[in-house]
file entry_15.pdb (PDB, C-alpha atoms, pLDDT in the B column)
ATOM      1  CA  MET A   1      46.253  -0.465  -7.684  1.00 93.00           C
ATOM      2  CA  HIS A   2      43.831  -2.395  -9.865  1.00 93.00           C
ATOM      3  CA  LYS A   3      41.940  -0.985 -12.818  1.00 95.00           C
ATOM      4  CA  ALA A   4      39.121  -2.541 -14.844  1.00 95.00           C
ATOM      5  CA  THR A   5      36.747  -1.646 -17.641  1.00 97.00           C
ATOM      6  CA  ILE A   6      33.137  -2.591 -16.872  1.00 96.00           C
ATOM      7  CA  ASP A   7      32.475  -3.985 -20.360  1.00 95.00           C
ATOM      8  CA  GLU A   8      35.499  -6.291 -20.091  1.00 96.00           C
ATOM      9  CA  ILE A   9      34.345  -7.902 -16.814  1.00 97.00           C
ATOM     10  CA  ASP A  10      32.560 -11.204 -17.448  1.00 96.00           C
ATOM     11  CA  SER A  11      28.901 -11.229 -16.487  1.00 95.00           C
ATOM     12  CA  GLU A  12      27.831 -13.820 -13.909  1.00 91.00           C
ATOM     13  CA  SER A  13      24.513 -15.594 -14.204  1.00 87.00           C
ATOM     14  CA  HIS A  14      21.990 -16.270 -11.447  1.00 82.00           C
ATOM     15  CA  PRO A  15      20.381 -19.724 -11.119  1.00 75.00           C
ATOM     16  CA  GLY A  16      16.942 -18.064 -11.165  1.00 77.00           C
ATOM     17  CA  GLU A  17      17.798 -15.970 -14.228  1.00 87.00           C
ATOM     18  CA  ILE A  18      16.581 -12.828 -12.449  1.00 91.00           C
ATOM     19  CA  TYR A  19      18.902 -10.454 -14.315  1.00 94.00           C
ATOM     20  CA  SER A  20      20.555 -10.312 -17.739  1.00 92.00           C
ATOM     21  CA  ILE A  21      23.853  -8.722 -16.765  1.00 96.00           C
ATOM     22  CA  ARG A  22      25.691  -8.659 -13.428  1.00 96.00           C
ATOM     23  CA  ARG A  23      29.385  -7.886 -13.491  1.00 97.00           C
ATOM     24  CA  PRO A  24      31.309  -8.427 -10.200  1.00 95.00           C
ATOM     25  CA  VAL A  25      33.442  -5.272 -10.225  1.00 96.00           C
ATOM     26  CA  SER A  26      34.891  -5.847  -6.748  1.00 94.00           C
ATOM     27  CA  ASP A  27      36.330  -9.201  -7.878  1.00 93.00           C
ATOM     28  CA  ALA A  28      37.866  -7.606 -10.979  1.00 95.00           C
ATOM     29  CA  VAL A  29      39.735  -5.006  -8.916  1.00 96.00           C
ATOM     30  CA  ASP A  30      40.485  -7.307  -5.946  1.00 94.00           C
ATOM     31  CA  ALA A  31      38.438  -5.199  -3.510  1.00 92.00           C
ATOM     32  CA  GLU A  32      38.549  -6.651  -0.006  1.00 90.00           C
ATOM     33  CA  HIS A  33      36.330  -4.271   1.974  1.00 91.00           C
ATOM     34  CA  LEU A  34      33.720  -3.258  -0.583  1.00 92.00           C
ATOM     35  CA  ALA A  35      31.334  -5.257  -2.745  1.00 93.00           C
ATOM     36  CA  MET A  36      30.542  -3.626  -6.078  1.00 95.00           C
ATOM     37  CA  ASN A  37      28.411  -5.061  -8.851  1.00 96.00           C
ATOM     38  CA  TYR A  38      27.340  -3.552 -12.154  1.00 98.00           C
ATOM     39  CA  PHE A  39      23.812  -4.443 -13.312  1.00 98.00           C
ATOM     40  CA  GLU A  40      21.756  -4.074 -16.445  1.00 97.00           C
ATOM     41  CA  LEU A  41      18.123  -5.006 -15.839  1.00 97.00           C
ATOM     42  CA  GLU A  42      15.630  -5.455 -18.632  1.00 97.00           C
ATOM     43  CA  PRO A  43      11.952  -4.766 -17.814  1.00 97.00           C
ATOM     44  CA  GLY A  44      10.748  -7.418 -15.336  1.00 97.00           C
ATOM     45  CA  GLU A  45      14.246  -8.281 -14.024  1.00 97.00           C
ATOM     46  CA  SER A  46      15.575  -7.754 -10.486  1.00 97.00           C
ATOM     47  CA  PHE A  47      18.807  -7.227  -8.549  1.00 96.00           C
ATOM     48  CA  SER A  48      18.069 -10.108  -6.152  1.00 91.00           C
ATOM     49  CA  GLY A  49      15.751 -13.045  -5.718  1.00 84.00           C
ATOM     50  CA  GLY A  50      13.308 -11.240  -3.425  1.00 90.00           C
ATOM     51  CA  LEU A  51      12.847  -9.301  -0.213  1.00 94.00           C
ATOM     52  CA  HIS A  52      15.931  -9.781   1.977  1.00 94.00           C
ATOM     53  CA  THR A  53      18.363  -8.065   4.319  1.00 93.00           C
ATOM     54  CA  HIS A  54      22.049  -8.318   5.089  1.00 91.00           C
ATOM     55  CA  HIS A  55      22.680  -8.171   8.819  1.00 90.00           C
ATOM     56  CA  ASP A  56      26.408  -7.669   8.225  1.00 90.00           C
ATOM     57  CA  GLN A  57      26.440  -5.182   5.357  1.00 92.00           C
ATOM     58  CA  GLU A  58      24.906  -1.899   4.279  1.00 94.00           C
ATOM     59  CA  GLU A  59      23.974  -1.602   0.599  1.00 96.00           C
ATOM     60  CA  VAL A  60      23.927   1.412  -1.691  1.00 98.00           C
ATOM     61  CA  PHE A  61      22.489   1.453  -5.204  1.00 98.00           C
ATOM     62  CA  TYR A  62      23.350   4.141  -7.742  1.00 98.00           C
ATOM     63  CA  ILE A  63      20.996   4.226 -10.720  1.00 98.00           C
ATOM     64  CA  GLN A  64      22.941   5.358 -13.758  1.00 98.00           C
ATOM     65  CA  SER A  65      20.036   5.185 -16.218  1.00 98.00           C
ATOM     66  CA  GLY A  66      16.409   4.122 -16.179  1.00 98.00           C
ATOM     67  CA  GLU A  67      14.208   3.910 -13.107  1.00 98.00           C
ATOM     68  CA  ALA A  68      14.354   1.118 -10.529  1.00 98.00           C
ATOM     69  CA  THR A  69      11.735   0.317  -7.904  1.00 98.00           C
ATOM     70  CA  PHE A  70      12.747  -0.901  -4.458  1.00 98.00           C
ATOM     71  CA  ASP A  71      10.285  -2.547  -2.094  1.00 97.00           C
ATOM     72  CA  VAL A  72      11.368  -1.624   1.442  1.00 97.00           C
ATOM     73  CA  ALA A  73      10.199  -3.112   4.759  1.00 96.00           C
ATOM     74  CA  GLU A  74      11.269  -3.207   8.395  1.00 94.00           C
ATOM     75  CA  ALA A  75      10.293  -6.897   8.702  1.00 92.00           C
ATOM     76  CA  PRO A  76      10.318  -9.935   6.390  1.00 92.00           C
ATOM     77  CA  ASP A  77       6.829  -9.238   5.020  1.00 91.00           C
ATOM     78  CA  SER A  78       6.359  -8.422   1.327  1.00 90.00           C
ATOM     79  CA  ASP A  79       2.802  -7.231   2.001  1.00 91.00           C
ATOM     80  CA  ALA A  80       4.155  -4.551   4.357  1.00 92.00           C
ATOM     81  CA  ALA A  81       6.812  -3.331   1.905  1.00 95.00           C
ATOM     82  CA  ASP A  82       6.598   0.201   0.541  1.00 97.00           C
ATOM     83  CA  PRO A  83       7.716   0.844  -3.060  1.00 97.00           C
ATOM     84  CA  VAL A  84      10.320   3.565  -3.649  1.00 98.00           C
ATOM     85  CA  SER A  85      11.233   4.740  -7.163  1.00 98.00           C
ATOM     86  CA  VAL A  86      14.867   5.613  -7.795  1.00 98.00           C
ATOM     87  CA  GLY A  87      15.696   7.343 -11.069  1.00 98.00           C
ATOM     88  CA  ALA A  88      18.788   8.090 -13.103  1.00 98.00           C
ATOM     89  CA  GLY A  89      21.394   9.974 -11.088  1.00 98.00           C
ATOM     90  CA  GLU A  90      19.831   8.988  -7.742  1.00 98.00           C
ATOM     91  CA  VAL A  91      21.228   6.869  -4.910  1.00 98.00           C
ATOM     92  CA  ILE A  92      19.447   4.788  -2.261  1.00 98.00           C
ATOM     93  CA  ARG A  93      21.008   3.266   0.887  1.00 98.00           C
ATOM     94  CA  PHE A  94      19.844   0.345   3.021  1.00 97.00           C
ATOM     95  CA  PRO A  95      21.372  -0.116   6.480  1.00 96.00           C
ATOM     96  CA  PRO A  96      22.012  -3.605   7.862  1.00 94.00           C
ATOM     97  CA  GLY A  97      18.706  -5.147   8.947  1.00 94.00           C
ATOM     98  CA  GLU A  98      16.407  -3.222   6.577  1.00 96.00           C
ATOM     99  CA  PHE A  99      14.584  -5.496   4.125  1.00 96.00           C
ATOM    100  CA  GLN A 100      14.608  -4.578   0.439  1.00 97.00           C
ATOM    101  CA  THR A 101      14.389  -5.874  -3.075  1.00 97.00           C
ATOM    102  CA  GLY A 102      14.985  -3.864  -6.230  1.00 98.00           C
ATOM    103  CA  TYR A 103      13.759  -4.386  -9.771  1.00 98.00           C
ATOM    104  CA  ASN A 104      12.892  -2.881 -13.128  1.00 98.00           C
ATOM    105  CA  GLU A 105       9.093  -2.735 -13.440  1.00 97.00           C
ATOM    106  CA  ALA A 106       7.806  -5.101 -16.139  1.00 96.00           C
ATOM    107  CA  ASP A 107       5.973  -2.273 -17.910  1.00 96.00           C
ATOM    108  CA  ASN A 108       9.020   0.028 -18.109  1.00 93.00           C
ATOM    109  CA  ASP A 109      10.188   0.879 -21.611  1.00 93.00           C
ATOM    110  CA  GLU A 110      13.866   1.111 -20.769  1.00 96.00           C
ATOM    111  CA  ARG A 111      16.651  -0.888 -19.183  1.00 97.00           C
ATOM    112  CA  VAL A 112      17.986  -0.016 -15.725  1.00 98.00           C
ATOM    113  CA  VAL A 113      21.762   0.390 -15.482  1.00 98.00           C
ATOM    114  CA  ALA A 114      23.025   0.517 -11.898  1.00 98.00           C
ATOM    115  CA  LEU A 115      25.892  -0.023  -9.494  1.00 98.00           C
ATOM    116  CA  ALA A 116      25.274  -1.924  -6.255  1.00 97.00           C
ATOM    117  CA  LEU A 117      27.776  -1.347  -3.458  1.00 96.00           C
ATOM    118  CA  GLY A 118      28.057  -3.115  -0.128  1.00 94.00           C
ATOM    119  CA  ALA A 119      30.352  -2.543   2.820  1.00 93.00           C
ATOM    120  CA  PRO A 120      32.279  -3.392   4.947  1.00 85.00           C
ATOM    121  CA  THR A 121      33.166  -6.533   3.005  1.00 74.00           C
ATOM    122  CA  SER A 122      33.249  -7.764  -0.579  1.00 61.00           C
ATOM    123  CA  GLU A 123      32.017 -11.259   0.338  1.00 66.00           C
ATOM    124  CA  HIS A 124      28.638 -11.977   1.906  1.00 64.00           C
ATOM    125  CA  ASP A 125      28.425 -14.071   5.019  1.00 71.00           C
ATOM    126  CA  ILE A 126      25.541 -16.308   3.864  1.00 74.00           C
ATOM    127  CA  GLY A 127      24.520 -16.792   7.497  1.00 74.00           C
ATOM    128  CA  GLU A 128      23.947 -13.031   7.821  1.00 79.00           C
ATOM    129  CA  ILE A 129      21.404 -12.867   4.960  1.00 85.00           C
ATOM    130  CA  GLU A 130      17.750 -13.142   5.924  1.00 89.00           C
ATOM    131  CA  ALA A 131      15.254 -13.846   3.134  1.00 88.00           C
ATOM    132  CA  ALA A 132      11.514 -13.223   3.339  1.00 90.00           C
ATOM    133  CA  ILE A 133       9.859 -16.330   1.885  1.00 87.00           C
ATOM    134  CA  PRO A 134       6.677 -18.346   2.551  1.00 90.00           C
ATOM    135  CA  CYS A 135       6.987 -21.050   5.208  1.00 91.00           C
ATOM    136  CA  SER A 136       4.954 -24.210   4.573  1.00 89.00           C
ATOM    137  CA  GLU A 137       4.683 -24.872   8.331  1.00 92.00           C
ATOM    138  CA  CYS A 138       3.806 -21.328   9.480  1.00 91.00           C
ATOM    139  CA  GLY A 139       1.512 -20.712   6.522  1.00 90.00           C
ATOM    140  CA  GLU A 140       2.834 -17.198   5.939  1.00 90.00           C
ATOM    141  CA  GLU A 141       5.871 -15.281   4.772  1.00 90.00           C
ATOM    142  CA  THR A 142       8.566 -15.266   7.454  1.00 90.00           C
ATOM    143  CA  GLY A 143      12.263 -14.540   7.816  1.00 90.00           C
ATOM    144  CA  HIS A 144      14.548 -17.405   6.798  1.00 90.00           C
ATOM    145  CA  THR A 145      18.275 -17.815   7.329  1.00 86.00           C
ATOM    146  CA  MET A 146      20.370 -19.267   4.533  1.00 85.00           C
ATOM    147  CA  THR A 147      23.052 -21.924   4.602  1.00 85.00           C
ATOM    148  CA  GLU A 148      24.939 -23.395   1.682  1.00 84.00           C
ATOM    149  CA  THR A 149      25.424 -27.133   1.257  1.00 82.00           C
ATOM    150  CA  ASP A 150      28.647 -28.759   0.058  1.00 83.00           C
ATOM    151  CA  ASP A 151      26.960 -29.101  -3.356  1.00 79.00           C
ATOM    152  CA  GLY A 152      26.429 -25.333  -3.576  1.00 76.00           C
ATOM    153  CA  ASP A 153      22.678 -25.518  -2.955  1.00 79.00           C
ATOM    154  CA  PHE A 154      20.911 -23.317  -0.408  1.00 81.00           C
ATOM    155  CA  VAL A 155      18.844 -24.397   2.571  1.00 88.00           C
ATOM    156  CA  PHE A 156      16.414 -21.855   4.025  1.00 88.00           C
ATOM    157  CA  THR A 157      15.448 -22.230   7.703  1.00 92.00           C
ATOM    158  CA  CYS A 158      12.366 -20.465   9.080  1.00 91.00           C
ATOM    159  CA  LEU A 159      13.214 -18.247  12.037  1.00 90.00           C
ATOM    160  CA  GLU A 160       9.717 -18.774  13.497  1.00 89.00           C
ATOM    161  CA  CYS A 161       9.399 -22.589  13.499  1.00 93.00           C
ATOM    162  CA  GLY A 162      12.741 -24.004  12.298  1.00 92.00           C
ATOM    163  CA  ASN A 163      11.256 -25.657   9.170  1.00 91.00           C
ATOM    164  CA  GLU A 164      13.885 -26.214   6.463  1.00 91.00           C
ATOM    165  CA  ARG A 165      13.218 -25.569   2.782  1.00 85.00           C
ATOM    166  CA  ARG A 166      15.315 -26.277  -0.281  1.00 81.00           C
ATOM    167  CA  PRO A 167      14.556 -24.414  -3.497  1.00 73.00           C
TER     168      PRO A 167
END
call {"tool": "encode", "arguments": {"input": "entry_15.pdb", "output": "structure tokens"}}
result
Amino acid sequence: MHKATIDEIDSESHPGEIYSIRRPVSDAVDAEHLAMNYFELEPGESFSGGLHTHHDQEEVFYIQSGEATFDVAEAPDSDAADPVSVGAGEVIRFPPGEFQTGYNEADNDERVVALALGAPTSEHDIGEIEAAIPCSECGEETGHTMTETDDGDFVFTCLECGNERRP
């Protein structure tokens, strides 16, 4: 058994500074088969860096307070994404392969407090994440796989043409 208090879990930062507070709850309680993160998003902040999917994990978001917006798409195309509002006390689930990105609208007056859960594992297989980003070769937004270099940087590879991009 492992027990933790959310406020006592250190917040982890994101290189893109897309959120103010993200506390890795699953790490704090040594979860092996469930990813769980606590978020506090100020207006204009997001849960992730953009439209993406996990091919190896379903994700569930529980909104404790505030109202989050999730852009949802069947393909890696932000223009085809439909916005879905999720308010306090509501839950939204994304199966493996469904593209999504969640955020607190910039014009919201309140912070979003939420739990993000992923299963069946607490660690992402980077190779199973597909990000929707513009490809300089294709000239449009396409699906990109991710790999991590020995230096901890990411390389994105276009699934359409094979072009590699480093952020």
call {"tool": "atom_distance", "arguments": {"input": "entry_15.pdb", "atom1": "atom CA of Asn108 of chain A", "atom2": "atom CA of Asp71 of chain A"}}
result
16.3 Å
call {"tool": "residues_around", "arguments": {"input": "entry_15.pdb", "residues": "His33 of chain A", "least_positions_apart": "2", "cutoff": "12 Å", "atoms": "all atoms listed in the file", "output": "PyMOL selection string"}}
result
chain A and resi 26-27+29-31+35-36+57-58+117-124
call {"tool": "residues_around", "arguments": {"input": "entry_15.pdb", "residues": "Tyr103 of chain A", "least_positions_apart": "2", "cutoff": "9 Å", "atoms": "all atoms listed in the file", "output": "PyMOL selection string"}}
result
chain A and resi 41+43-48+67-71+101+105-106+112
call {"tool": "write_last_selection", "arguments": {"input": "entry_15.pdb", "atoms": "C-alpha atoms", "output": "short mmCIF file (atom, residue, chain, number, x, y, z; two decimals), in the frame of the given file"}}
result
data_model
loop_
_atom_site.label_atom_id
_atom_site.label_comp_id
_atom_site.auth_asym_id
_atom_site.auth_seq_id
_atom_site.Cartn_x
_atom_site.Cartn_y
_atom_site.Cartn_z
CA LEU A 41 18.12 -5.01 -15.84
CA PRO A 43 11.95 -4.77 -17.81
CA GLY A 44 10.75 -7.42 -15.34
CA GLU A 45 14.25 -8.28 -14.02
CA SER A 46 15.58 -7.75 -10.49
CA PHE A 47 18.81 -7.23 -8.55
CA SER A 48 18.07 -10.11 -6.15
CA GLU A 67 14.21 3.91 -13.11
CA ALA A 68 14.35 1.12 -10.53
CA THR A 69 11.74 0.32 -7.90
CA PHE A 70 12.75 -0.90 -4.46
CA ASP A 71 10.28 -2.55 -2.09
CA THR A 101 14.39 -5.87 -3.08
CA GLU A 105 9.09 -2.74 -13.44
CA ALA A 106 7.81 -5.10 -16.14
CA VAL A 112 17.99 -0.02 -15.72
#
call {"tool": "closest_residue", "arguments": {"input": "entry_15.pdb", "among": "A:Val72, A:Gly66, A:Arg111, A:Glu42", "to": "Gly89 of chain A", "atoms": "all atoms listed in the file"}}
result
A:Gly66
call {"tool": "residues_around", "arguments": {"input": "entry_15.pdb", "residues": "Glu90 of chain A", "least_positions_apart": "5", "cutoff": "8 Å", "atoms": "all atoms listed in the file", "output": "PyMOL selection string"}}
result
chain A and resi 62-64
call {"tool": "residues_around", "arguments": {"input": "entry_15.pdb", "residues": "segment 22-25 of chain A", "least_positions_apart": "2", "cutoff": "8 Å", "atoms": "all atoms listed in the file", "output": "list in words"}}
result
Ala4, Ile6, Ile9, Asp10, Ser11, Glu12, Ser13, Tyr19, Ser20, Asp27, Ala28, Val29, Ala35, Met36, Asn37, Tyr38, Phe39 and Glu40 of chain A
call {"tool": "residues_near_point", "arguments": {"input": "entry_15.pdb", "point": "(3.9, -12.5, 3.6)", "cutoff": "10 Å", "atoms": "only C-alpha atoms", "output": "compact mmCIF listing (two decimals) with C-alpha atoms, in the frame of the given file"}}
result
# COMPACT_ATOMS: atom_id res chain seq x y z
CA ALA A 75 10.29 -6.90 8.70
CA PRO A 76 10.32 -9.94 6.39
CA ASP A 77 6.83 -9.24 5.02
CA SER A 78 6.36 -8.42 1.33
CA ASP A 79 2.80 -7.23 2.00
CA ALA A 80 4.16 -4.55 4.36
CA ALA A 81 6.81 -3.33 1.90
CA ALA A 132 11.51 -13.22 3.34
CA ILE A 133 9.86 -16.33 1.88
CA PRO A 134 6.68 -18.35 2.55
CA CYS A 135 6.99 -21.05 5.21
CA GLY A 139 1.51 -20.71 6.52
CA GLU A 140 2.83 -17.20 5.94
CA GLU A 141 5.87 -15.28 4.77
CA THR A 142 8.57 -15.27 7.45
CA GLY A 143 12.26 -14.54 7.82
call {"tool": "resolve_selection", "arguments": {"input": "entry_15.pdb", "expression": "the PyMOL selection byres ((chain A and resi 156-163) around 8)", "output": "ChimeraX atom specification"}}
result
/A:135-138,142-147,154-155,164-166
call {"tool": "atom_distance", "arguments": {"input": "entry_15.pdb", "atom1": "atom CA of Phe99 of chain A", "atom2": "atom CA of Ser65 of chain A"}}
result
23.6 Å
call {"tool": "closest_residue", "arguments": {"input": "entry_15.pdb", "among": "A:Gly97, A:His55, A:Gly87, A:Gly49", "to": "Glu17 of chain A", "atoms": "all atoms listed in the file"}}
result
A:Gly49
call {"tool": "axis_aligned_box", "arguments": {"input": "entry_15.pdb", "around": "segment 161-167 of chain A", "padding_each_side": "8 Å", "output": "AutoDock Vina command-line options"}}
result
--center_x 12.4 --center_y -24.4 --center_z 5.0 --size_x 21.9 --size_y 19.7 --size_z 33.0
call {"tool": "atom_distance", "arguments": {"input": "entry_15.pdb", "atom1": "atom CA of Ala114 of chain A", "atom2": "atom CA of Pro83 of chain A"}}
result
17.7 Å
call {"tool": "closest_residue", "arguments": {"input": "entry_15.pdb", "among": "A:Gly127, A:Asp150, A:Val91, A:Glu110", "to": "Phe61 of chain A", "atoms": "all atoms listed in the file"}}
result
A:Val91
call {"tool": "resolve_selection", "arguments": {"input": "entry_15.pdb", "expression": "the PyMOL selection byres ((chain A and resi 128) around 7)", "output": "PyMOL selection string"}}
result
chain A and resi 54-56+125-127+129-130
call {"tool": "closest_residue", "arguments": {"input": "entry_15.pdb", "among": "A:Asp82, A:Gly152, A:Ile92, A:Ala131", "to": "Leu115 of chain A", "atoms": "only C-alpha atoms"}}
result
A:Ile92
call {"tool": "build_atoms", "arguments": {"input": "entry_15.pdb", "residues": "segment 61-77 of chain A", "atoms": "N, CA and C atoms", "output": "PDB file, in the coordinates of the input"}}
result
ATOM      1  N   PHE A  61      22.728   1.622  -3.769  1.00 98.00           N
ATOM      2  CA  PHE A  61      22.489   1.453  -5.204  1.00 98.00           C
ATOM      3  C   PHE A  61      22.510   2.816  -5.872  1.00 98.00           C
ATOM      4  N   TYR A  62      23.304   2.937  -6.918  1.00 98.00           N
ATOM      5  CA  TYR A  62      23.350   4.141  -7.742  1.00 98.00           C
ATOM      6  C   TYR A  62      22.725   3.782  -9.082  1.00 98.00           C
ATOM      7  N   ILE A  63      21.675   4.485  -9.452  1.00 98.00           N
ATOM      8  CA  ILE A  63      20.996   4.226 -10.720  1.00 98.00           C
ATOM      9  C   ILE A  63      21.592   5.165 -11.763  1.00 98.00           C
ATOM     10  N   GLN A  64      22.281   4.584 -12.710  1.00 98.00           N
ATOM     11  CA  GLN A  64      22.941   5.358 -13.758  1.00 98.00           C
ATOM     12  C   GLN A  64      21.942   5.778 -14.832  1.00 98.00           C
ATOM     13  N   SER A  65      21.070   4.844 -15.239  1.00 98.00           N
ATOM     14  CA  SER A  65      20.036   5.185 -16.218  1.00 98.00           C
ATOM     15  C   SER A  65      18.815   4.320 -15.973  1.00 98.00           C
ATOM     16  N   GLY A  66      17.659   4.817 -16.406  1.00 98.00           N
ATOM     17  CA  GLY A  66      16.409   4.122 -16.179  1.00 98.00           C
ATOM     18  C   GLY A  66      15.834   4.474 -14.823  1.00 98.00           C
ATOM     19  N   GLU A  67      14.835   3.704 -14.417  1.00 98.00           N
ATOM     20  CA  GLU A  67      14.208   3.910 -13.107  1.00 98.00           C
ATOM     21  C   GLU A  67      13.958   2.557 -12.460  1.00 98.00           C
ATOM     22  N   ALA A  68      14.536   2.357 -11.283  1.00 98.00           N
ATOM     23  CA  ALA A  68      14.354   1.118 -10.529  1.00 98.00           C
ATOM     24  C   ALA A  68      13.318   1.351  -9.436  1.00 98.00           C
ATOM     25  N   THR A  69      12.660   0.278  -9.034  1.00 98.00           N
ATOM     26  CA  THR A  69      11.735   0.317  -7.904  1.00 98.00           C
ATOM     27  C   THR A  69      12.302  -0.593  -6.826  1.00 98.00           C
ATOM     28  N   PHE A  70      12.300  -0.105  -5.599  1.00 98.00           N
ATOM     29  CA  PHE A  70      12.747  -0.901  -4.458  1.00 98.00           C
ATOM     30  C   PHE A  70      11.575  -1.050  -3.504  1.00 98.00           C
ATOM     31  N   ASP A  71      11.264  -2.297  -3.139  1.00 97.00           N
ATOM     32  CA  ASP A  71      10.285  -2.547  -2.094  1.00 97.00           C
ATOM     33  C   ASP A  71      11.060  -2.594  -0.786  1.00 97.00           C
ATOM     34  N   VAL A  72      10.631  -1.802   0.194  1.00 97.00           N
ATOM     35  CA  VAL A  72      11.368  -1.624   1.442  1.00 97.00           C
ATOM     36  C   VAL A  72      10.459  -1.955   2.626  1.00 97.00           C
ATOM     37  N   ALA A  73      10.981  -2.732   3.580  1.00 96.00           N
ATOM     38  CA  ALA A  73      10.199  -3.112   4.759  1.00 96.00           C
ATOM     39  C   ALA A  73      11.109  -3.229   5.972  1.00 96.00           C
ATOM     40  N   GLU A  74      10.514  -3.056   7.145  1.00 94.00           N
ATOM     41  CA  GLU A  74      11.269  -3.207   8.395  1.00 94.00           C
ATOM     42  C   GLU A  74      11.306  -4.665   8.850  1.00 94.00           C
ATOM     43  N   ALA A  75      10.394  -5.488   8.311  1.00 92.00           N
ATOM     44  CA  ALA A  75      10.293  -6.897   8.702  1.00 92.00           C
ATOM     45  C   ALA A  75      10.185  -7.754   7.437  1.00 92.00           C
ATOM     46  N   PRO A  76      10.382  -9.057   7.568  1.00 92.00           N
ATOM     47  CA  PRO A  76      10.318  -9.935   6.390  1.00 92.00           C
ATOM     48  C   PRO A  76       8.882 -10.187   5.944  1.00 92.00           C
ATOM     49  N   ASP A  77       8.227  -9.139   5.423  1.00 91.00           N
ATOM     50  CA  ASP A  77       6.829  -9.238   5.020  1.00 91.00           C
ATOM     51  C   ASP A  77       6.626  -8.430   3.742  1.00 91.00           C
TER      52      ASP A  77
END
